[in-house]
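Contents: one structure, followed by commentary.
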Amino acid sequence: AQTVTQSQPEMSVQEAETVTLSCTYDTSESDYYLFWYKQPPSRQMILVIRQEAYKQQNATENRFSVNFQKAAKSFSLKISDSQLGDAAMYFCAYSFNNAGNMLTFGGGTRLMVKP
Amino acid sequence: DTGVSQDPRHKITKRGQNVTFRCDPISEHNRLYWYRQTLGQGPEFLTYFQNEAQLEKSRLLSDRFSAERPKGSFSTLEIQRTEQGDSAMYLCASSLAGATDTQYFGPGTRLTVL
(Lines give C-alpha, C1' and ligand atoms only; values in the text may rest on other atoms or scores of the structure.)
Protein backbone atom coordinates (compact mmCIF):
# COMPACT_ATOMS: atom_id res chain seq x y z
CA ALA A 1 0.00 0.00 0.00
CA GLN A 2 1.11 3.51 -0.71
CA THR A 3 2.02 5.72 2.23
CA VAL A 4 2.85 9.39 2.51
CA THR A 5 4.86 10.80 5.40
CA GLN A 6 5.28 14.38 6.46
CA SER A 7 7.84 14.47 9.23
CA GLN A 8 7.36 18.11 10.24
CA PRO A 9 4.13 18.62 12.22
CA GLU A 10 4.80 22.37 12.46
CA MET A 11 7.04 24.86 10.72
CA SER A 12 7.40 28.60 11.06
CA VAL A 13 8.88 31.18 8.75
CA GLN A 14 9.45 34.90 8.85
CA GLU A 15 7.45 36.91 6.36
CA ALA A 16 9.36 37.34 3.06
CA GLU A 17 11.68 34.42 3.89
CA THR A 18 11.82 30.98 2.27
CA VAL A 19 10.63 27.75 3.84
CA THR A 20 10.77 24.12 2.70
CA LEU A 21 8.24 21.49 3.72
CA SER A 22 9.25 17.84 3.49
CA CYS A 23 7.36 14.84 2.19
CA THR A 24 8.36 11.26 1.52
CA TYR A 25 6.26 8.52 0.05
CA ASP A 26 6.40 4.82 -0.55
CA THR A 27 5.16 3.17 -3.71
CA SER A 28 6.10 0.36 -6.06
CA GLU A 29 4.48 2.11 -9.01
CA SER A 30 6.38 4.04 -11.67
CA ASP A 31 3.56 6.19 -13.02
CA TYR A 32 1.93 8.41 -10.41
CA TYR A 33 1.20 11.98 -9.41
CA LEU A 34 2.19 14.00 -6.38
CA PHE A 35 0.41 17.03 -5.01
CA TRP A 36 0.66 19.70 -2.39
CA TYR A 37 -2.66 20.95 -1.03
CA LYS A 38 -3.16 23.94 1.27
CA GLN A 39 -5.92 24.02 3.88
CA PRO A 40 -6.30 27.44 5.53
CA PRO A 41 -8.03 27.52 8.93
CA SER A 42 -11.75 26.79 8.53
CA ARG A 43 -11.47 27.00 4.76
CA GLN A 44 -11.48 24.45 2.02
CA MET A 45 -8.51 22.62 0.66
CA ILE A 46 -6.96 24.06 -2.47
CA LEU A 47 -4.36 22.67 -4.82
CA VAL A 48 -0.98 24.39 -4.64
CA ILE A 49 1.07 22.39 -7.10
CA ARG A 50 1.22 19.00 -8.80
CA GLN A 51 4.00 16.88 -10.25
CA GLU A 52 3.79 14.02 -12.71
CA ALA A 53 6.29 11.29 -11.85
CA TYR A 54 7.37 10.82 -15.47
CA LYS A 55 8.48 14.44 -15.71
CA GLN A 56 12.04 15.11 -14.60
CA GLN A 57 11.54 18.86 -14.44
CA ASN A 58 10.38 20.16 -11.08
CA ALA A 59 7.00 21.89 -11.11
CA THR A 60 6.75 25.58 -10.24
CA GLU A 61 3.78 27.85 -9.61
CA ASN A 62 4.77 31.43 -8.90
CA ARG A 63 6.31 31.45 -5.39
CA PHE A 64 5.82 27.70 -4.97
CA SER A 65 8.21 25.09 -6.32
CA VAL A 66 8.95 21.46 -5.63
CA ASN A 67 12.08 19.37 -5.38
CA PHE A 68 11.07 15.96 -6.74
CA GLN A 69 13.60 13.21 -6.13
CA LYS A 70 12.05 10.08 -7.63
CA ALA A 71 14.75 7.63 -6.60
CA ALA A 72 14.66 8.89 -3.04
CA LYS A 73 10.83 9.08 -3.10
CA SER A 74 11.00 12.60 -1.80
CA PHE A 75 8.77 15.53 -2.75
CA SER A 76 9.44 18.78 -0.89
CA LEU A 77 7.66 22.10 -1.29
CA LYS A 78 9.54 25.38 -1.26
CA ILE A 79 7.67 28.59 -0.58
CA SER A 80 9.60 31.71 -1.49
CA ASP A 81 8.87 35.24 -0.25
CA SER A 82 6.45 33.87 2.36
CA GLN A 83 3.32 35.89 2.95
CA LEU A 84 0.92 36.00 5.90
CA GLY A 85 -1.71 34.37 3.70
CA ASP A 86 0.48 31.31 3.32
CA ALA A 87 -0.27 30.31 6.90
CA ALA A 88 -2.19 27.04 6.69
CA MET A 89 -2.00 23.27 6.93
CA TYR A 90 -0.12 21.83 3.99
CA PHE A 91 -0.80 18.28 2.89
CA CYS A 92 1.33 16.21 0.57
CA ALA A 93 -0.68 13.70 -1.46
CA TYR A 94 -0.06 10.85 -3.88
CA SER A 95 -2.23 9.28 -6.53
CA PHE A 96 -1.54 6.27 -8.63
CA ASN A 97 -2.51 6.50 -12.27
CA ASN A 98 -5.19 3.88 -12.01
CA ALA A 99 -8.91 4.20 -12.46
CA GLY A 100 -10.09 6.77 -9.98
CA ASN A 101 -6.80 8.32 -8.90
CA MET A 102 -7.78 8.35 -5.25
CA LEU A 103 -5.53 10.53 -3.15
CA THR A 104 -3.42 9.25 -0.28
CA PHE A 105 -2.52 12.10 2.06
CA GLY A 106 0.23 12.68 4.55
CA GLY A 107 -0.51 13.85 8.05
CA GLY A 108 0.09 17.50 7.24
CA THR A 109 2.44 20.30 8.26
CA ARG A 110 1.13 23.40 9.97
CA LEU A 111 2.91 26.46 8.60
CA MET A 112 3.00 29.62 10.67
CA VAL A 113 4.15 32.88 9.14
CA LYS A 114 5.57 35.51 11.47
CA PRO A 115 5.19 39.18 10.54
CA ASP B 1 -18.08 27.68 -12.12
CA THR B 2 -19.23 27.85 -8.53
CA GLY B 3 -16.93 25.17 -7.17
CA VAL B 4 -17.80 22.11 -5.13
CA SER B 5 -20.52 22.71 -2.56
CA GLN B 6 -21.53 20.64 0.44
CA ASP B 7 -24.58 20.73 2.64
CA PRO B 8 -24.91 21.03 5.56
CA ARG B 9 -21.69 22.63 6.67
CA HIS B 10 -22.20 21.47 10.24
CA LYS B 11 -24.25 18.64 11.68
CA ILE B 12 -24.72 17.75 15.32
CA THR B 13 -26.50 14.50 16.04
CA LYS B 14 -27.03 12.06 18.84
CA ARG B 15 -25.45 8.65 18.84
CA GLY B 16 -27.59 6.13 17.02
CA GLN B 17 -29.19 8.60 14.64
CA ASN B 18 -28.79 8.47 10.85
CA VAL B 19 -27.28 11.39 8.98
CA THR B 20 -27.05 12.25 5.29
CA PHE B 21 -24.70 14.71 3.62
CA ARG B 22 -24.96 16.14 0.14
CA CYS B 23 -22.24 17.11 -2.32
CA ASP B 24 -22.69 19.07 -5.54
CA PRO B 25 -19.62 18.79 -7.78
CA ILE B 26 -18.33 21.23 -10.36
CA SER B 27 -20.87 20.90 -13.16
CA GLU B 28 -18.71 19.37 -15.88
CA HIS B 29 -16.87 16.97 -13.57
CA ASN B 30 -17.70 13.30 -13.96
CA ARG B 31 -15.75 11.97 -10.96
CA LEU B 32 -16.79 12.54 -7.39
CA TYR B 33 -14.89 11.50 -4.26
CA TRP B 34 -15.66 11.30 -0.56
CA TYR B 35 -12.96 11.63 2.12
CA ARG B 36 -13.03 11.74 5.91
CA GLN B 37 -10.70 13.99 7.87
CA THR B 38 -10.30 13.62 11.61
CA LEU B 39 -8.79 16.38 13.70
CA GLY B 40 -5.11 16.92 13.03
CA GLN B 41 -4.93 14.29 10.30
CA GLY B 42 -4.88 14.22 6.54
CA PRO B 43 -8.01 13.23 4.63
CA GLU B 44 -8.72 9.53 4.24
CA PHE B 45 -10.30 8.23 1.04
CA LEU B 46 -13.73 6.60 1.41
CA THR B 47 -15.27 6.07 -2.02
CA TYR B 48 -15.59 7.50 -5.50
CA PHE B 49 -17.96 7.62 -8.46
CA GLN B 50 -17.48 7.99 -12.15
CA ASN B 51 -20.76 9.34 -13.43
CA GLU B 52 -23.38 7.33 -11.54
CA ALA B 53 -21.23 4.22 -11.06
CA GLN B 54 -19.58 3.68 -7.68
CA LEU B 55 -16.26 2.23 -8.76
CA GLU B 56 -14.53 1.91 -5.41
CA LYS B 57 -16.24 1.37 -2.10
CA SER B 58 -14.00 -1.04 -0.27
CA ARG B 59 -12.56 1.83 1.77
CA LEU B 60 -15.90 2.76 3.31
CA LEU B 61 -15.33 2.44 7.03
CA SER B 62 -18.13 0.03 7.80
CA ASP B 63 -21.44 -1.17 6.44
CA ARG B 64 -23.05 1.75 8.24
CA PHE B 65 -21.60 4.02 5.55
CA SER B 66 -23.15 4.23 2.10
CA ALA B 67 -23.01 6.64 -0.79
CA GLU B 68 -25.07 7.28 -3.89
CA ARG B 69 -24.87 9.38 -7.01
CA PRO B 70 -28.13 8.50 -8.71
CA LYS B 71 -28.02 10.71 -11.78
CA GLY B 72 -24.31 11.27 -12.07
CA SER B 73 -24.57 14.77 -10.66
CA PHE B 74 -24.88 15.35 -6.90
CA SER B 75 -23.98 12.67 -4.37
CA THR B 76 -25.10 11.77 -0.88
CA LEU B 77 -23.17 10.08 1.90
CA GLU B 78 -25.24 8.41 4.60
CA ILE B 79 -24.07 7.18 7.98
CA GLN B 80 -26.51 4.96 9.82
CA ARG B 81 -26.55 4.43 13.58
CA THR B 82 -23.90 7.06 14.16
CA GLU B 83 -21.20 6.52 16.76
CA GLN B 84 -19.01 9.05 18.55
CA GLY B 85 -16.06 7.84 16.50
CA ASP B 86 -17.80 9.07 13.36
CA SER B 87 -17.21 12.65 14.45
CA ALA B 88 -15.04 14.16 11.72
CA MET B 89 -14.99 16.43 8.70
CA TYR B 90 -16.43 14.78 5.61
CA LEU B 91 -14.96 16.18 2.42
CA CYS B 92 -16.20 15.87 -1.11
CA ALA B 93 -14.05 16.44 -4.19
CA SER B 94 -14.70 16.32 -7.90
CA SER B 95 -12.58 15.99 -11.00
CA LEU B 96 -12.77 15.55 -14.74
CA ALA B 97 -11.39 12.17 -15.72
CA GLY B 98 -8.47 12.52 -18.06
CA ALA B 99 -4.81 13.33 -18.17
CA THR B 100 -4.82 15.83 -15.33
CA ASP B 101 -7.71 14.59 -13.18
CA THR B 102 -7.02 17.18 -10.51
CA GLN B 103 -9.41 16.96 -7.58
CA TYR B 104 -11.13 20.10 -6.34
CA PHE B 105 -12.46 20.01 -2.80
CA GLY B 106 -15.59 21.34 -1.21
CA PRO B 107 -15.69 23.08 2.19
CA GLY B 108 -16.68 19.90 4.01
CA THR B 109 -19.39 18.89 6.44
CA ARG B 110 -18.33 18.78 10.06
CA LEU B 111 -20.15 16.03 11.94
CA THR B 112 -20.34 15.97 15.71
CA VAL B 113 -21.89 12.90 17.33
CA LEU B 114 -22.90 13.42 20.95
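Residue numbering restarts at 1 for every chain of the C-alpha coordinates, chains are lettered A, B, ... in their displayed order, and ligands are numbered from 1 as they appear.
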Problem set entry | Residue list for chain B near chain A as a VMD selection string, 10 Å, only C-alpha atoms | chain B and resid 4 31 to 35 40 to 50 55 to 56 91 93 95 97 99 to 108
Problem set entry | Who sits within 7 Å of Ile26 (chain B), only C-alpha atoms, same chain under 4 positions skipped, as a list in words | Asp1, Thr2, Gly3, Val4 and Ser94 of chain B
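Proximity to Lys73 (chain A) at 12 Å, evaluated using only C-alpha atoms and with sequence-adjacent residues fewer than 5 positions away removed, yields A:Gln2, A:Thr3, A:Val4, A:Thr5, A:Ser22, A:Cys23, A:Thr24, A:Tyr25, A:Asp26, A:Thr27, A:Ser28, A:Glu29, A:Ser30, A:Tyr32, A:Tyr33, A:Leu34, A:Ala53, A:Asn67, A:Phe68, A:Tyr94.
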Exercise. Do you know which residues are at most 6 Å from Leu77 (chain B) counting only C-alpha atoms, after dropping those on the same chain fewer than 2 positions away, and could you put them as number ranges by chain?
Worked result: B: 20-21, 66-67
Next, dump the selected residues to file, keeping only N, CA, C and O atoms, as a tab-separated table (two decimals), in the first residue's frame.
```
chain	number	residue	atom	x	y	z
B	20	THR	N	-27.31	12.25	6.73
B	20	THR	CA	-27.05	12.25	5.29
B	20	THR	C	-26.44	13.58	4.90
B	20	THR	O	-26.95	14.64	5.29
B	21	PHE	N	-25.38	13.52	4.11
B	21	PHE	CA	-24.70	14.71	3.62
B	21	PHE	C	-24.82	14.75	2.11
B	21	PHE	O	-24.81	13.72	1.44
B	66	SER	N	-22.76	4.49	3.48
B	66	SER	CA	-23.15	4.23	2.10
B	66	SER	C	-23.19	5.53	1.34
B	66	SER	O	-23.36	6.60	1.93
B	67	ALA	N	-23.00	5.45	0.05
B	67	ALA	CA	-23.01	6.64	-0.79
B	67	ALA	C	-23.75	6.34	-2.08
B	67	ALA	O	-23.78	5.21	-2.55
```
Exercise. Interatomic distance between CA of Arg63 (chain A) and CA of Glu15 (chain A)?
Worked result: 13.0 Å
